[in-house]
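Listing of protein.cif, mmCIF, C-alpha atoms
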```cif
data_structure
#
loop_
_atom_site.label_atom_id
_atom_site.label_comp_id
_atom_site.auth_asym_id
_atom_site.auth_seq_id
_atom_site.Cartn_x
_atom_site.Cartn_y
_atom_site.Cartn_z
CA MET A 223 49.46 -20.59 59.57
CA VAL A 224 52.01 -17.91 60.32
CA SER A 225 51.13 -14.93 58.17
CA GLY A 226 53.22 -12.24 59.88
CA THR A 227 56.54 -13.96 59.31
CA PHE A 228 56.43 -14.64 55.58
CA PRO A 229 55.36 -12.38 52.74
CA PRO A 230 51.97 -13.12 51.20
CA PRO A 231 51.89 -15.32 48.10
CA PRO A 232 52.22 -13.50 44.74
CA GLU A 233 48.52 -13.76 43.97
CA GLU A 234 47.67 -11.92 47.18
CA ARG A 235 50.21 -9.14 46.76
CA ARG A 236 48.86 -5.82 45.62
CA ALA A 237 51.03 -3.56 43.53
CA ALA A 238 51.60 -0.19 45.14
CA PRO A 239 50.39 2.66 42.99
CA ILE A 240 53.25 4.37 41.17
CA GLU A 241 53.27 8.07 41.81
CA PRO A 242 55.05 10.47 39.52
CA PRO A 243 58.13 12.13 41.03
CA VAL A 244 57.47 15.44 42.68
CA ARG A 245 59.17 18.35 40.97
CA ILE A 246 59.82 21.32 43.16
CA GLU A 247 60.56 24.53 41.37
CA ASN A 248 62.14 27.45 43.07
CA ARG A 249 61.28 30.47 41.03
CA ASP A 250 63.35 32.80 43.20
CA GLU A 251 66.64 31.23 42.09
CA THR A 252 68.26 32.53 38.98
CA PRO A 253 70.36 30.07 37.02
CA GLU A 254 74.06 30.32 37.72
CA PRO A 255 75.92 32.00 34.88
CA THR A 256 78.38 29.85 33.02
CA PRO A 257 81.89 30.78 34.10
CA ASP A 258 84.11 32.67 31.71
CA PRO A 259 86.82 30.40 30.19
CA THR A 260 89.50 32.93 31.14
CA ALA A 261 88.23 33.00 34.75
CA ARG A 262 88.34 29.20 34.87
CA LEU A 263 91.89 29.26 33.51
CA LEU A 264 92.88 31.81 36.18
CA ASP A 265 91.44 29.43 38.80
CA ARG A 266 93.58 26.59 37.45
CA ILE A 267 96.66 28.82 37.42
CA SER A 268 95.94 29.86 40.99
CA GLU A 269 95.76 26.20 42.06
CA ALA A 270 99.09 25.52 40.33
CA CYS A 271 100.65 28.50 42.16
CA GLU A 272 99.39 27.22 45.51
CA THR A 273 101.01 23.88 44.78
CA ARG A 274 104.31 25.25 43.42
CA PHE A 275 104.96 28.06 45.90
CA GLU A 276 104.80 27.43 49.61
CA LYS A 277 102.97 30.15 51.55
CA ALA A 278 102.26 32.15 48.41
CA THR A 279 99.78 35.01 48.41
CA ILE A 280 97.66 35.07 45.28
CA ARG A 281 95.45 38.04 44.54
CA ARG A 282 93.10 38.22 41.58
CA ILE A 283 93.19 41.57 39.81
CA ASP A 284 89.88 42.23 38.06
CA ALA A 285 91.17 44.53 35.37
CA ASP A 286 91.22 44.31 31.62
CA PRO A 287 92.73 41.78 31.11
CA PRO A 288 92.16 40.03 34.46
CA HIS A 289 95.30 38.55 35.97
CA LEU A 290 96.86 37.29 39.19
CA LEU A 291 99.41 38.98 41.41
CA LEU A 292 101.54 36.27 42.99
CA SER A 293 103.75 37.10 45.98
CA HIS A 294 106.04 34.50 47.53
CA LEU A 295 109.26 34.22 49.49
CA GLU A 296 112.29 33.13 47.44
CA ASP A 297 115.84 33.05 48.83
CA GLY A 298 114.87 35.42 51.63
CA PHE A 299 113.31 38.00 49.30
CA VAL A 300 109.68 38.62 48.48
CA ARG A 301 109.12 38.10 44.76
CA GLN A 302 106.07 39.28 42.86
CA TYR A 303 104.79 38.14 39.48
CA ARG A 304 101.81 39.10 37.39
CA ILE A 305 100.28 36.12 35.66
CA GLY A 306 97.75 36.55 32.88
CA ALA A 307 95.55 33.97 31.23
CA HIS A 308 94.56 33.58 27.60
CA VAL A 309 92.26 31.00 26.08
CA GLY A 310 92.83 30.32 22.39
CA GLN A 311 95.54 31.30 19.93
CA VAL A 312 97.90 33.94 21.38
CA THR A 313 98.54 36.79 18.97
CA GLU A 314 100.82 39.80 19.01
CA ALA A 315 97.79 41.97 19.82
CA ASP A 316 97.12 39.85 22.93
CA VAL A 317 100.70 40.30 24.12
CA ASP A 318 100.50 44.06 23.40
CA ALA A 319 97.27 44.34 25.43
CA PHE A 320 98.81 42.43 28.32
CA VAL A 321 101.92 44.65 28.33
CA ARG A 322 99.88 47.84 28.01
CA HIS A 323 97.46 47.10 30.84
CA VAL A 324 99.54 45.05 33.25
CA HIS A 325 102.70 47.16 33.06
CA ALA A 326 100.81 50.45 32.85
CA ASP A 327 101.79 51.53 36.37
CA GLY A 328 105.49 51.38 35.49
CA THR A 329 106.32 48.52 37.83
CA ASP A 330 108.18 45.64 36.31
CA PHE A 331 107.57 42.65 38.55
CA GLY A 332 108.07 40.02 35.91
CA SER A 333 105.10 38.66 34.04
CA GLU A 334 103.84 35.49 32.51
CA LEU A 335 101.02 34.96 30.08
CA VAL A 336 99.68 31.43 30.40
CA TYR A 337 97.68 30.17 27.45
CA LEU A 338 95.35 27.28 26.84
CA GLY A 339 95.36 26.61 23.13
CA PRO A 340 97.74 26.09 20.23
CA PRO A 341 101.35 27.11 20.81
CA PRO A 342 102.32 30.55 19.54
CA PRO A 343 105.14 30.91 17.00
CA ARG A 344 108.67 31.00 18.37
CA SER A 345 109.11 34.57 17.08
CA LEU A 346 106.17 35.73 19.22
CA ARG A 347 107.58 33.96 22.28
CA GLU A 348 110.96 35.64 21.76
CA ASP A 349 109.39 39.07 21.20
CA ALA A 350 107.30 38.69 24.36
CA MET A 351 110.40 37.65 26.32
CA ARG A 352 112.24 40.80 25.16
CA ARG A 353 109.30 42.80 26.51
CA GLY A 354 109.48 41.06 29.90
CA ILE A 355 106.70 38.54 29.41
CA ARG A 356 107.15 34.81 29.41
CA LEU A 357 104.61 32.89 27.30
CA ARG A 358 103.88 29.39 28.61
CA SER A 359 101.19 26.81 28.13
CA LEU A 360 99.22 25.73 31.19
CA THR A 361 101.03 22.40 31.06
CA GLU A 362 104.44 24.11 31.12
CA PHE A 363 103.30 26.43 33.91
CA GLN A 364 102.28 23.43 36.00
CA GLY A 365 105.84 22.15 35.69
CA LEU A 366 104.99 19.35 33.30
CA LEU A 367 106.57 18.57 29.96
CA ASP A 368 104.42 19.94 27.14
CA LEU A 369 104.76 17.56 24.20
CA SER A 370 101.97 19.08 22.10
CA GLU A 371 104.35 20.49 19.44
CA TYR A 372 106.20 17.17 19.22
CA VAL A 373 102.95 15.22 18.88
CA ALA A 374 101.67 17.59 16.19
CA GLY A 375 104.93 17.21 14.21
CA GLN A 376 104.94 13.46 14.61
CA THR A 377 101.31 13.23 13.47
CA ALA A 378 102.10 15.35 10.39
CA ARG A 379 105.08 13.12 9.52
CA LEU A 380 103.00 9.96 9.94
CA ASN A 381 100.19 11.34 7.81
CA ALA A 382 102.62 12.40 5.07
CA GLY A 383 104.58 9.14 5.04
CA GLY A 384 103.34 6.50 2.64
CA LEU A 385 104.91 3.44 4.31
CA TYR A 386 102.06 2.83 6.71
CA PRO A 387 98.80 4.69 5.99
CA PRO A 388 97.10 6.24 9.08
CA PRO A 389 93.81 4.29 8.59
CA LEU A 390 95.76 1.09 9.32
CA TYR A 391 96.87 2.26 12.78
#
```
The structure given in the file should be rewritten as structure tokens.
Amino acid sequence: MVSGTFPPPPEERRAAPIEPPVRIENRDETPEPTPDPTARLLDRISEACETRFEKATIRRIDADPPHLLLSHLEDGFVRQYRIGAHVGQVTEADVDAFVRHVHADGTDFGSELVYLGPPPPRSLREDAMRRGIRLRSLTEFQGLLDLSEYVAGQTARLNAGGLYPPPLY
């Protein structure tokens, strides 16, 4: 009989005792705070800038509101932009705050306010543009086609039309 080569028959096998998993607690560590949505949006904008602009310098300005200062070479000249981030519906008060704090030093680099949320009204976009601020969604800022307004209009038309009720889609 060769017992070392083959496993023992099932009746001779002993089940190994099951031990509960060991839980190690480190009481010195404090839980990481959840990141601010605006800070996460600034990170995404920064990544988009690194992709769009070769050899760009991106500096985060921790002010109120926080924003980025983007410097890059364009046509032999160094261009600088201030890029703010807003999560949610952009209002006139948000644009006013951005203008007041970001352009407070009198420099007019050119600014953008990138939002993540519903599109602002056209009148607000035009007013912001007159004040030197371009309002763009994150999708637009990344250089992609933002079809959110088109999709919302199409959905409204489909819901209002009686030819083919939405529950049948």
Distance of CA of Ile267 in chain A from CA of Pro341 in chain A, expressed in Å to one decimal place =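 One can read the CA of Pro341 in chain A to CA of Ile267 in chain A distance as 17.3 Å.
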Name every residue that the PyMOL selection byres ((chain A and resi 271-276) around 12) selects in this structure, writing the answer as a PyMOL selection string with chains first and numbers rising.
-> chain A and resi 264-270+277-281+290-296+300-305+360+363-366
Let me see the file: selected residues, C-alpha atoms, as a CSV table (one decimal), keeping the file's coordinate frame.
```csv
chain,number,residue,atom,x,y,z
A,264,LEU,CA,92.9,31.8,36.2
A,265,ASP,CA,91.4,29.4,38.8
A,266,ARG,CA,93.6,26.6,37.4
A,267,ILE,CA,96.7,28.8,37.4
A,268,SER,CA,95.9,29.9,41.0
A,269,GLU,CA,95.8,26.2,42.1
A,270,ALA,CA,99.1,25.5,40.3
A,277,LYS,CA,103.0,30.2,51.6
A,278,ALA,CA,102.3,32.2,48.4
A,279,THR,CA,99.8,35.0,48.4
A,280,ILE,CA,97.7,35.1,45.3
A,281,ARG,CA,95.4,38.0,44.5
A,290,LEU,CA,96.9,37.3,39.2
A,291,LEU,CA,99.4,39.0,41.4
A,292,LEU,CA,101.5,36.3,43.0
A,293,SER,CA,103.8,37.1,46.0
A,294,HIS,CA,106.0,34.5,47.5
A,295,LEU,CA,109.3,34.2,49.5
A,296,GLU,CA,112.3,33.1,47.4
A,300,VAL,CA,109.7,38.6,48.5
A,301,ARG,CA,109.1,38.1,44.8
A,302,GLN,CA,106.1,39.3,42.9
A,303,TYR,CA,104.8,38.1,39.5
A,304,ARG,CA,101.8,39.1,37.4
A,305,ILE,CA,100.3,36.1,35.7
A,360,LEU,CA,99.2,25.7,31.2
A,363,PHE,CA,103.3,26.4,33.9
A,364,GLN,CA,102.3,23.4,36.0
A,365,GLY,CA,105.8,22.2,35.7
A,366,LEU,CA,105.0,19.4,33.3
```
Using only C-alpha atoms, which of the listed residues (A:Val373, A:Pro342, A:His325, A:Gly332) sits closest to Thr313 in chain A?
->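 Residue with the minimum atom-to-atom distance to Thr313 in chain A: A:Pro342.
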Can you tell me which residues surround Ala350 in chain A at a distance of at most 7 Å, considering all atoms listed in the file, apart from same-chain residues fewer than 5 positions away, and format the answer as a compact mmCIF listing (two decimals) with C-alpha atoms, keeping the file's coordinate frame?
```txt
# COMPACT_ATOMS: atom_id res chain seq x y z
CA VAL A 317 100.70 40.30 24.12
CA ILE A 355 106.70 38.54 29.41
CA ARG A 356 107.15 34.81 29.41
```
Distance CA of Arg282 in chain A-CA of Pro340 in chain A, one decimal place?
->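 These two atoms are separated by 25.0 Å.
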Nearest to Asp368 in chain A by atom-to-atom distance, counting all atoms listed in the file, from A:Gly339, A:Pro389, A:Pro288, A:Gly384 |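 Nearest candidate to Asp368 in chain A out of A:Gly339, A:Pro389, A:Pro288, A:Gly384: A:Gly339.
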What does the distance from CA of Leu369 in chain A to CA of Leu263 in chain A come to in Å, to one decimal?
->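 According to the coordinates, CA of Leu369 in chain A and CA of Leu263 in chain A are separated by 19.7 Å.
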For each of A:Glu314, A:Asp286, A:Glu334, A:Glu371, take the minimum atom-to-atom distance to Arg358 in chain A, counting all atoms listed in the file, then give the residue where this is smallest.
->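 Going through A:Glu314, A:Asp286, A:Glu334, A:Glu371 one by one, the smallest distance to Arg358 in chain A is for A:Glu334.
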Counting only C-alpha atoms, the option among A:Asn381, A:Ser359, A:Gln376, A:Ser370 closest to Val312 in chain A =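 Among the listed residues, A:Ser359 lies closest to Val312 in chain A.
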Radius query 7 Å about (96.8, 37.6, 31.5), atoms used: all atoms listed in the file, as a list of chain:residue names |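 So the residues meeting the distance criterion are A:Pro287, A:Pro288, A:His289, A:Ile305, A:Gly306, A:Ala307, A:His308, A:Phe320, A:Leu335, A:Val336.
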